[in-house]
$ cat upload-v9.cif   # mmCIF, C-alpha atoms
data_data
#
loop_
_atom_site.label_atom_id
_atom_site.label_comp_id
_atom_site.auth_asym_id
_atom_site.auth_seq_id
_atom_site.Cartn_x
_atom_site.Cartn_y
_atom_site.Cartn_z
CA MET A 1 -9.51 7.12 -37.05
CA THR A 2 -10.86 10.48 -38.17
CA GLU A 3 -9.47 13.13 -40.49
CA LYS A 4 -10.74 16.27 -38.76
CA LEU A 5 -11.30 17.68 -35.31
CA MET A 6 -14.52 16.71 -33.57
CA LYS A 7 -16.83 19.26 -31.96
CA ALA A 8 -17.29 18.44 -28.27
CA ILE A 9 -20.20 19.93 -26.33
CA TYR A 10 -21.23 19.90 -22.70
CA SER A 11 -24.69 21.23 -21.98
CA ASP A 12 -26.63 21.79 -18.77
CA PRO A 13 -30.11 23.08 -19.71
CA ALA A 14 -31.12 23.56 -16.09
CA GLN A 15 -28.26 25.99 -15.56
CA THR A 16 -28.43 27.32 -19.15
CA ILE A 17 -24.77 26.39 -19.61
CA THR A 18 -23.24 25.21 -22.88
CA LEU A 19 -19.52 24.74 -23.33
CA THR A 20 -17.94 23.90 -26.68
CA ALA A 21 -14.39 22.81 -27.53
CA TRP A 22 -12.65 20.70 -30.16
CA ALA A 23 -11.48 17.14 -29.65
CA ASP A 24 -8.71 15.39 -31.56
CA THR A 25 -9.14 12.11 -29.62
CA VAL A 26 -12.15 10.36 -28.13
CA ALA A 27 -12.31 6.78 -26.83
CA VAL A 28 -15.45 5.01 -25.60
CA ASP A 29 -16.51 1.55 -24.47
CA PRO A 30 -18.95 0.29 -27.15
CA ARG A 31 -21.11 -1.50 -24.57
CA ASP A 32 -22.60 1.70 -23.15
CA ASN A 33 -20.53 4.53 -24.68
CA LEU A 34 -18.68 4.95 -21.40
CA LEU A 35 -16.08 7.68 -21.87
CA ILE A 36 -12.55 6.30 -21.53
CA ALA A 37 -10.41 9.15 -22.84
CA VAL A 38 -10.79 12.54 -24.50
CA ARG A 39 -8.38 15.28 -25.50
CA LEU A 40 -9.84 18.77 -25.97
CA SER A 41 -8.59 22.17 -27.09
CA GLY A 42 -10.02 25.68 -27.19
CA TYR A 43 -10.22 28.86 -25.11
CA PRO A 44 -8.66 28.24 -21.68
CA GLU A 45 -11.70 29.06 -19.53
CA VAL A 46 -14.09 27.11 -21.73
CA THR A 47 -11.79 24.10 -22.06
CA ALA A 48 -11.04 23.94 -18.34
CA GLY A 49 -14.72 24.30 -17.47
CA LEU A 50 -15.74 21.61 -19.94
CA VAL A 51 -13.19 19.06 -18.75
CA ASN A 52 -14.07 19.74 -15.10
CA ALA A 53 -17.77 19.27 -15.83
CA VAL A 54 -17.17 16.00 -17.68
CA SER A 55 -14.80 14.60 -15.04
CA GLY A 56 -17.53 15.37 -12.52
CA GLY A 57 -19.98 13.17 -14.40
CA GLY A 58 -21.45 15.54 -17.01
CA THR A 59 -22.41 14.01 -20.36
CA LEU A 60 -20.23 14.89 -23.34
CA SER A 61 -21.62 15.02 -26.89
CA VAL A 62 -19.18 14.65 -29.77
CA GLN A 63 -20.10 15.38 -33.38
CA LEU A 64 -18.44 12.74 -35.50
CA ASP A 65 -18.90 12.45 -39.29
CA GLY A 66 -22.38 13.96 -39.22
CA GLU A 67 -23.50 11.91 -36.22
CA THR A 68 -23.56 12.71 -32.52
CA LEU A 69 -21.77 10.37 -30.13
CA VAL A 70 -23.09 10.75 -26.58
CA CYS A 71 -20.33 9.81 -24.13
CA THR A 72 -21.24 8.95 -20.55
CA PRO A 73 -18.46 9.50 -18.00
CA GLN A 74 -18.08 7.98 -14.54
CA GLN A 75 -17.45 10.52 -11.83
CA GLY A 76 -14.11 10.26 -10.06
CA ARG A 77 -12.57 7.70 -12.42
CA TYR A 78 -10.25 9.89 -14.51
CA SER A 79 -6.83 11.47 -14.33
CA LYS A 80 -6.89 15.03 -15.65
CA ALA A 81 -4.26 17.23 -17.28
CA VAL A 82 -4.64 20.84 -18.48
CA SER A 83 -2.00 22.97 -20.20
CA ARG A 84 -2.33 26.58 -21.30
CA ASP A 85 -0.45 28.75 -23.77
CA GLY A 86 -1.84 32.26 -23.92
CA THR A 87 -5.34 32.17 -25.38
CA TYR A 88 -5.14 28.45 -26.17
CA ALA A 89 -5.51 25.47 -23.84
CA VAL A 90 -5.35 21.70 -24.15
CA ALA A 91 -7.03 19.39 -21.65
CA ALA A 92 -7.17 15.61 -21.43
CA LEU A 93 -9.13 13.06 -19.43
CA LEU A 94 -7.92 9.46 -19.19
CA TRP A 95 -9.51 6.56 -17.34
CA ASP A 96 -7.47 5.91 -14.21
CA ASN A 97 -6.98 2.17 -13.70
CA GLN A 98 -5.81 2.77 -10.14
CA SER A 99 -9.27 3.99 -9.21
CA ALA A 100 -10.68 0.56 -10.09
CA ARG A 101 -8.13 -1.15 -7.86
CA LYS A 102 -8.79 1.29 -5.01
CA GLN A 103 -12.52 0.66 -5.35
CA GLY A 104 -11.90 -3.08 -5.00
CA GLU A 105 -9.71 -2.54 -1.94
CA LYS A 106 -12.39 -0.32 -0.40
CA GLN A 107 -14.98 -3.05 -0.90
CA GLN A 108 -12.75 -5.61 0.81
CA THR A 109 -12.23 -3.23 3.76
CA GLU A 110 -15.97 -2.74 4.13
CA GLU A 111 -16.48 -6.49 4.08
CA MET A 112 -14.06 -6.86 6.98
CA GLU A 113 -15.94 -4.31 9.09
CA GLY A 114 -18.92 -6.52 9.93
CA LYS A 115 -21.31 -6.12 6.97
CA GLU A 116 -24.24 -8.48 6.52
CA GLN A 117 -23.45 -11.80 4.82
CA LYS A 118 -25.68 -11.05 1.84
CA GLU A 119 -23.89 -7.76 1.27
CA LYS A 120 -20.56 -9.56 1.45
CA THR A 121 -21.70 -12.06 -1.16
CA ASP A 122 -22.93 -9.31 -3.49
CA LYS A 123 -19.68 -7.38 -3.22
CA ALA A 124 -17.59 -10.52 -3.77
CA GLN A 125 -19.31 -10.96 -7.10
CA GLU A 126 -18.39 -7.48 -8.31
CA ALA A 127 -15.64 -7.21 -10.93
CA ARG A 128 -13.07 -4.54 -11.68
CA VAL A 129 -12.75 -3.05 -15.16
CA TYR A 130 -9.46 -1.79 -16.56
CA TYR A 131 -8.84 0.03 -19.85
CA LEU A 132 -5.49 -0.71 -21.46
CA ALA A 133 -3.94 1.55 -24.11
CA CYS A 134 -1.31 0.28 -26.54
CA PRO A 135 -0.21 0.60 -30.17
CA VAL A 136 -2.48 -1.02 -32.73
CA ARG A 137 -1.82 -4.77 -33.23
CA ASP A 138 1.06 -4.74 -30.74
CA LYS A 139 0.50 -7.91 -28.71
CA THR A 140 3.66 -7.47 -26.66
CA ALA A 141 2.62 -4.00 -25.49
CA LEU A 142 -0.92 -5.18 -24.75
CA TYR A 143 0.36 -8.16 -22.76
CA HIS A 144 2.62 -5.82 -20.79
CA GLU A 145 -0.40 -3.68 -19.88
CA ILE A 146 -2.32 -6.77 -18.74
CA ASP A 147 0.63 -7.73 -16.58
CA LYS A 148 0.67 -4.26 -14.98
CA VAL A 149 -2.89 -4.50 -13.65
CA SER A 150 -3.05 -8.23 -12.88
CA THR A 151 -1.62 -10.02 -9.86
CA ILE A 152 -1.30 -13.29 -11.81
CA PRO A 153 2.23 -14.14 -13.09
CA MET A 154 2.45 -13.31 -16.81
CA LEU A 155 5.39 -15.09 -18.38
CA PRO A 156 6.26 -13.91 -21.93
CA GLU A 157 5.71 -17.46 -23.19
CA PHE A 158 2.00 -17.20 -22.26
CA ARG A 159 1.34 -14.07 -24.37
CA ASP A 160 -0.54 -15.41 -27.39
CA TYR A 161 -2.54 -17.96 -25.42
CA MET A 162 -3.62 -15.48 -22.75
CA ILE A 163 -4.60 -12.71 -25.19
CA ASN A 164 -6.58 -15.08 -27.42
CA GLU A 165 -8.27 -16.83 -24.50
CA LEU A 166 -9.18 -13.60 -22.70
CA GLN A 167 -10.97 -12.44 -25.85
CA ALA A 168 -12.62 -15.81 -26.45
CA ARG A 169 -14.06 -15.80 -22.91
CA ASP A 170 -15.28 -12.21 -23.31
CA MET A 171 -12.98 -11.02 -20.54
CA MET A 172 -11.20 -8.61 -22.87
CA ALA A 173 -12.63 -6.65 -25.80
CA PRO A 174 -11.55 -3.72 -27.98
CA CYS A 175 -12.98 -0.25 -27.49
CA ARG A 176 -13.69 2.47 -30.06
CA VAL A 177 -10.99 5.06 -30.60
CA TYR A 178 -11.41 8.14 -32.79
CA THR A 179 -8.28 10.23 -33.29
CA THR A 180 -6.73 12.60 -35.79
CA GLY A 181 -3.23 11.54 -34.76
CA GLU A 182 -1.32 8.29 -34.64
CA PRO A 183 -3.81 5.38 -34.30
CA PHE A 184 -3.78 3.46 -31.04
CA ALA A 185 -5.93 0.80 -29.41
CA ILE A 186 -7.74 0.59 -26.08
CA TRP A 187 -8.91 -2.70 -24.63
CA ARG A 188 -11.38 -3.36 -21.82
CA LEU A 189 -10.19 -6.00 -19.34
CA THR A 190 -12.59 -7.36 -16.71
CA CYS A 191 -11.15 -8.95 -13.57
CA THR A 192 -13.09 -10.73 -10.86
CA PRO A 193 -11.97 -10.43 -7.20
CA ASP A 194 -8.39 -11.62 -6.69
CA ASP A 195 -8.13 -11.93 -10.50
CA GLN A 196 -9.72 -15.36 -10.19
CA ASN A 197 -10.98 -15.39 -13.79
CA ILE A 198 -7.48 -14.71 -15.15
CA GLU A 199 -6.06 -17.37 -12.85
CA ASP A 200 -8.61 -19.83 -14.26
CA VAL A 201 -7.48 -19.06 -17.81
CA LEU A 202 -3.86 -19.69 -16.84
CA THR A 203 -4.67 -22.87 -14.92
CA ASP A 204 -6.75 -24.28 -17.76
CA GLY A 205 -3.93 -23.68 -20.23
CA LEU A 206 -1.38 -25.39 -18.00
CA LYS A 207 -3.66 -28.38 -17.36
CA ALA A 208 -4.40 -28.79 -21.06
CA GLY A 209 -0.72 -28.50 -21.96
CA VAL A 210 -1.37 -25.52 -24.26
CA ILE A 211 1.19 -23.52 -22.28
CA ARG A 212 4.06 -24.76 -20.14
CA ILE A 213 6.38 -23.24 -17.56
CA PRO A 214 9.83 -22.74 -19.15
CA SER A 215 12.57 -25.21 -18.18
CA THR A 216 10.01 -27.92 -17.37
CA TRP A 217 9.45 -29.11 -20.95
CA PRO A 218 10.54 -31.11 -22.90
CA CYS A 219 13.68 -31.88 -20.89
CA GLN A 220 11.80 -32.09 -17.57
CA PRO A 221 8.17 -33.06 -18.30
CA ASP A 222 7.72 -34.39 -14.74
CA ALA A 223 9.82 -31.77 -12.95
CA PHE A 224 7.28 -31.20 -10.17
CA THR A 225 6.46 -34.85 -9.49
CA GLU A 226 8.89 -35.21 -6.57
CA ILE A 227 8.53 -31.66 -5.21
CA ASN A 228 6.52 -31.50 -1.99
CA GLY A 229 7.41 -28.08 -0.59
CA VAL A 230 9.40 -24.89 -0.90
CA ALA A 231 12.67 -26.59 0.11
CA GLY A 232 12.27 -29.17 -2.64
CA TYR A 233 11.40 -26.49 -5.18
CA LEU A 234 14.49 -24.45 -4.31
CA TRP A 235 16.66 -27.57 -4.43
CA ALA A 236 15.40 -28.39 -7.92
CA PHE A 237 15.20 -24.90 -9.42
CA GLY A 238 17.47 -22.80 -7.21
CA PHE A 239 20.15 -22.54 -9.88
CA VAL A 240 17.63 -21.36 -12.51
CA ILE A 241 16.18 -18.78 -10.10
CA ALA A 242 19.63 -17.51 -9.14
CA SER A 243 20.63 -17.21 -12.79
CA ARG A 244 17.55 -15.15 -13.57
CA ILE A 245 18.16 -12.88 -10.59
CA ARG A 246 21.75 -12.32 -11.65
CA GLY A 247 20.57 -11.55 -15.17
CA GLN A 248 18.01 -8.98 -14.03
CA PHE A 249 19.87 -7.21 -11.23
CA GLN A 250 23.43 -5.91 -11.51
CA PRO A 251 25.04 -5.91 -8.03
CA LEU A 252 27.00 -2.91 -6.80
CA TYR A 253 29.73 -5.32 -5.76
CA ASP A 254 30.27 -8.95 -6.78
CA PRO A 255 32.62 -10.69 -4.33
CA ALA A 256 33.09 -13.56 -6.76
CA GLN A 257 34.47 -11.24 -9.44
CA GLU A 258 36.01 -8.25 -7.66
CA PRO A 259 38.42 -7.68 -4.74
CA LEU A 260 37.53 -5.58 -1.72
CA SER A 261 38.83 -2.01 -1.70
CA GLU A 262 41.90 -1.11 0.35
CA GLY A 263 39.76 1.12 2.53
CA VAL A 264 37.39 -1.66 3.58
CA LEU A 265 40.23 -4.16 4.05
CA GLY A 266 42.22 -1.65 6.12
CA LEU A 267 39.32 -0.92 8.42
CA ASP A 268 38.61 -4.63 8.84
CA GLN A 269 42.24 -5.05 9.89
CA PHE A 270 41.84 -2.18 12.35
CA VAL A 271 38.81 -3.91 13.88
CA ALA A 272 40.82 -7.12 14.22
CA GLN A 273 43.67 -5.30 15.97
CA THR A 274 41.47 -3.39 18.41
CA ALA A 275 38.53 -5.73 18.97
CA GLY A 276 40.07 -9.10 18.23
CA TYR A 277 37.85 -10.26 15.37
CA HIS A 278 37.36 -9.83 11.61
CA LEU A 279 34.06 -9.04 9.96
CA TYR A 280 32.47 -11.94 8.09
CA GLY A 281 32.90 -12.08 4.33
CA ALA A 282 29.25 -11.26 3.71
CA GLN A 283 29.51 -8.22 6.01
CA LEU A 284 32.60 -6.97 4.17
CA ALA A 285 30.85 -7.46 0.82
CA ALA A 286 27.86 -5.45 2.04
CA ALA A 287 30.18 -2.70 3.33
CA GLU A 288 31.93 -2.52 -0.05
CA ALA A 289 28.61 -2.31 -1.88
CA LEU A 290 27.37 0.43 0.45
CA ARG A 291 30.64 2.36 0.05
CA ARG A 292 30.16 2.34 -3.73
CA ARG A 293 26.57 3.41 -3.32
CA LEU A 294 27.65 6.41 -1.23
CA GLN A 295 30.11 7.45 -3.93
CA THR A 296 27.31 7.90 -6.45
CA ALA A 297 24.20 8.71 -4.44
CA ARG A 298 25.52 9.67 -0.97
CA PHE A 299 22.59 7.75 0.45
CA GLY A 300 22.06 4.06 1.00
CA LEU A 301 20.03 1.52 2.97
CA ILE A 302 21.08 -1.63 4.77
CA ILE A 303 18.17 -4.04 5.18
CA ALA A 304 18.92 -7.20 7.14
CA GLU A 305 17.75 -9.21 10.12
CA CYS A 306 18.51 -8.26 13.72
CA GLY A 307 21.99 -9.36 14.71
CA SER A 308 23.35 -9.46 11.17
CA GLY A 309 25.79 -6.63 11.86
CA LYS A 310 24.17 -3.64 10.19
CA SER A 311 25.94 -1.19 12.52
CA LYS A 312 29.33 -2.71 11.76
CA VAL A 313 28.69 -2.75 8.02
CA GLY A 314 27.45 0.84 8.06
CA SER A 315 30.41 2.07 10.14
CA ILE A 316 32.96 0.41 7.89
CA ALA A 317 31.25 1.72 4.73
CA MET A 318 30.92 5.28 6.03
CA GLN A 319 34.49 5.45 7.32
CA SER A 320 35.90 4.04 4.09
CA TYR A 321 33.84 6.46 2.03
CA CYS A 322 34.81 9.48 4.13
CA LYS A 323 38.50 8.57 4.00
CA SER A 324 38.33 8.34 0.21
CA THR A 325 36.86 11.85 0.09
CA GLY A 326 39.30 13.28 2.64
CA ASN A 327 36.72 13.72 5.43
CA ALA A 328 37.06 12.18 8.88
CA CYS A 329 33.36 11.58 9.48
CA ILE A 330 33.75 8.75 12.01
CA SER A 331 36.29 8.57 14.81
CA SER A 332 38.73 5.66 14.50
CA SER A 333 39.50 5.64 18.25
CA ALA A 334 37.15 2.71 18.81
CA PRO A 335 35.99 -0.20 16.66
CA PRO A 336 32.38 -0.58 15.57
CA THR A 337 30.25 -2.53 18.05
#
$ encode --input "upload-v9.cif" --output "structure tokens"
Amino acid sequence: MTEKLMKAIYSDPAQTITLTAWADTVAVDPRDNLLIAVRLSGYPEVTAGLVNAVSGGGTLSVQLDGETLVCTPQQGRYSKAVSRDGTYAVAALLWDNQSARKQGEKQQTEEMEGKEQKEKTDKAQEARVYYLACPVRDKTALYHEIDKVSTIPMLPEFRDYMINELQARDMMAPCRVYTTGEPFAIWRLTCTPDDQNIEDVLTDGLKAGVIRIPSTWPCQPDAFTEINGVAGYLWAFGFVIASRIRGQFQPLYDPAQEPLSEGVLGLDQFVAQTAGYHLYGAQLAAAEALRRRLQTARFGLIIAECGSGKSKVGSIAMQSYCKSTGNACISSSAPPT
């Protein structure tokens, strides 16, 4: 935290260039003063030139409380935003976590293209670094940011254990943030390939009994003893999974709670009269859901396996929707096929 604006300077002696602006926020990694974020203001041309130079890898010097903080950026690792209002401009650089993930994906692609074994081994040992911003002392927000960049399941019940253990193993550490505004925190998170180090933390906690998967303790301490495959898992926990899905996703149409519309029922009857069969209940439910979707968005997708009747469902939904709006968009001279 700082009480006044900080003077930010970019200098290139070889080109006799010096650009000066004012920063209200600077964040660096204390290990090597790697620049994580900066927000600058000043004359538009100077501010834009300074932020472009720094995002390209130019060193930024910040005068802070009588001392000079030399910030070293990494080229190509930042998202950039510049706004201008007359003779005043504000520019910001923020470490882009996606660039770290893309770099890891690029390394994996190169490994698959026939590199030497030693090079593969060296690359496999490389880690990705993410910088996570959140309110000060807000563990829930920090845990959410960890979850966003990690591929390992992060249940809310694991929050305190994971945060404490990641710090204890030096996988996560706080960075330095200087700002004139509302204080916030930035944390450095290091992930090995495939997030193996985070997986190890989670596995160790489960083995030691420090953390437990919900619904397996204390009522079901040996819930997985008799489970030998996916079928057994679904048989044992299918109801819990279904309940969570219902709680997280509100269906457009719930056949257990609501009747089908007259339009869908009438068209199903028309199909029966002309083609000699009724649509299955699941097909009618999908048609009703799609009809409701068209009423609000006028666009919808049907995703199902081949032979599940997508054409029939789509025809029924479209015809029912068009009839409700007074438009004859599909001819009723022939049933859907």
$ resolve_selection --input "upload-v9.cif" --expression "the PyMOL selection byres ((chain A and resi 45-57) around 6)" --output "count of residues only"
8
$ closest_atom_pairs --input "upload-v9.cif" --of "segment 272-296 of chain A" --to "segment 260-268 of chain A" --cutoff "9 Å" --atoms "all atoms listed in the file" --output "tab-separated table"
residue	atom	partner	partner_atom	distance
A:Ala272	CA	A:Asp268	CA	6.3
A:Gln273	CA	A:Asp268	CA	8.8
A:Tyr277	CA	A:Asp268	CA	8.7
A:His278	CA	A:Asp268	CA	6.0
A:Leu279	CA	A:Asp268	CA	6.4
A:Leu284	CA	A:Val264	CA	7.2
A:Ala285	CA	A:Leu260	CA	7.4
A:Ala287	CA	A:Val264	CA	7.3
A:Glu288	CA	A:Leu260	CA	6.6
A:Arg291	CA	A:Val264	CA	8.6
$ atom_distance --input "upload-v9.cif" --atom1 "atom CA of Val82 of chain A" --atom2 "atom CA of Ser41 of chain A"
9.6 Å
$ closest_residue --input "upload-v9.cif" --among "A:Pro251, A:Pro135, A:Pro193, A:Gly205" --to "Glu165 of chain A" --atoms "all atoms listed in the file"
A:Gly205
$ resolve_selection --input "upload-v9.cif" --expression "the PyMOL selection byres ((chain A and resi 324) around 12)" --output "PDB file with C-alpha atoms, in the frame of the given file"
ATOM      1  CA  SER A 261      38.830  -2.010  -1.700  1.00  0.00           C
ATOM      2  CA  GLU A 262      41.900  -1.110   0.350  1.00  0.00           C
ATOM      3  CA  GLY A 263      39.760   1.120   2.530  1.00  0.00           C
ATOM      4  CA  VAL A 264      37.390  -1.660   3.580  1.00  0.00           C
ATOM      5  CA  ARG A 291      30.640   2.360   0.050  1.00  0.00           C
ATOM      6  CA  ARG A 292      30.160   2.340  -3.730  1.00  0.00           C
ATOM      7  CA  LEU A 294      27.650   6.410  -1.230  1.00  0.00           C
ATOM      8  CA  GLN A 295      30.110   7.450  -3.930  1.00  0.00           C
ATOM      9  CA  ALA A 317      31.250   1.720   4.730  1.00  0.00           C
ATOM     10  CA  MET A 318      30.920   5.280   6.030  1.00  0.00           C
ATOM     11  CA  GLN A 319      34.490   5.450   7.320  1.00  0.00           C
ATOM     12  CA  SER A 320      35.900   4.040   4.090  1.00  0.00           C
ATOM     13  CA  TYR A 321      33.840   6.460   2.030  1.00  0.00           C
ATOM     14  CA  CYS A 322      34.810   9.480   4.130  1.00  0.00           C
ATOM     15  CA  LYS A 323      38.500   8.570   4.000  1.00  0.00           C
ATOM     16  CA  THR A 325      36.860  11.850   0.090  1.00  0.00           C
ATOM     17  CA  GLY A 326      39.300  13.280   2.640  1.00  0.00           C
ATOM     18  CA  ASN A 327      36.720  13.720   5.430  1.00  0.00           C
ATOM     19  CA  ALA A 328      37.060  12.180   8.880  1.00  0.00           C
ATOM     20  CA  CYS A 329      33.360  11.580   9.480  1.00  0.00           C
TER      21      CYS A 329
END
$ closest_residue --input "upload-v9.cif" --among "A:Ala185, A:Ala81, A:Ala286, A:Ile241" --to "Gly309 of chain A" --atoms "all atoms listed in the file"
A:Ala286
$ closest_residue --input "upload-v9.cif" --among "A:Arg39, A:Lys4, A:Arg188, A:Arg298" --to "Pro174 of chain A" --atoms "all atoms listed in the file"
A:Arg188
$ closest_residue --input "upload-v9.cif" --among "A:Thr68, A:Ser150, A:Thr179, A:Ser99" --to "Leu5 of chain A" --atoms "only C-alpha atoms"
A:Thr179
$ resolve_selection --input "upload-v9.cif" --expression "the PyMOL selection byres ((chain A and resi 308) around 12)" --output "ChimeraX atom specification"
/A:279-280,282-284,286,302-307,309-314,337
$ residues_around --input "upload-v9.cif" --residues "Val177 of chain A" --least-positions-apart "2" --cutoff "8 Å" --atoms "all atoms listed in the file" --output "VMD selection string"
chain A and resid 1 25 to 28 175 179 184 to 186
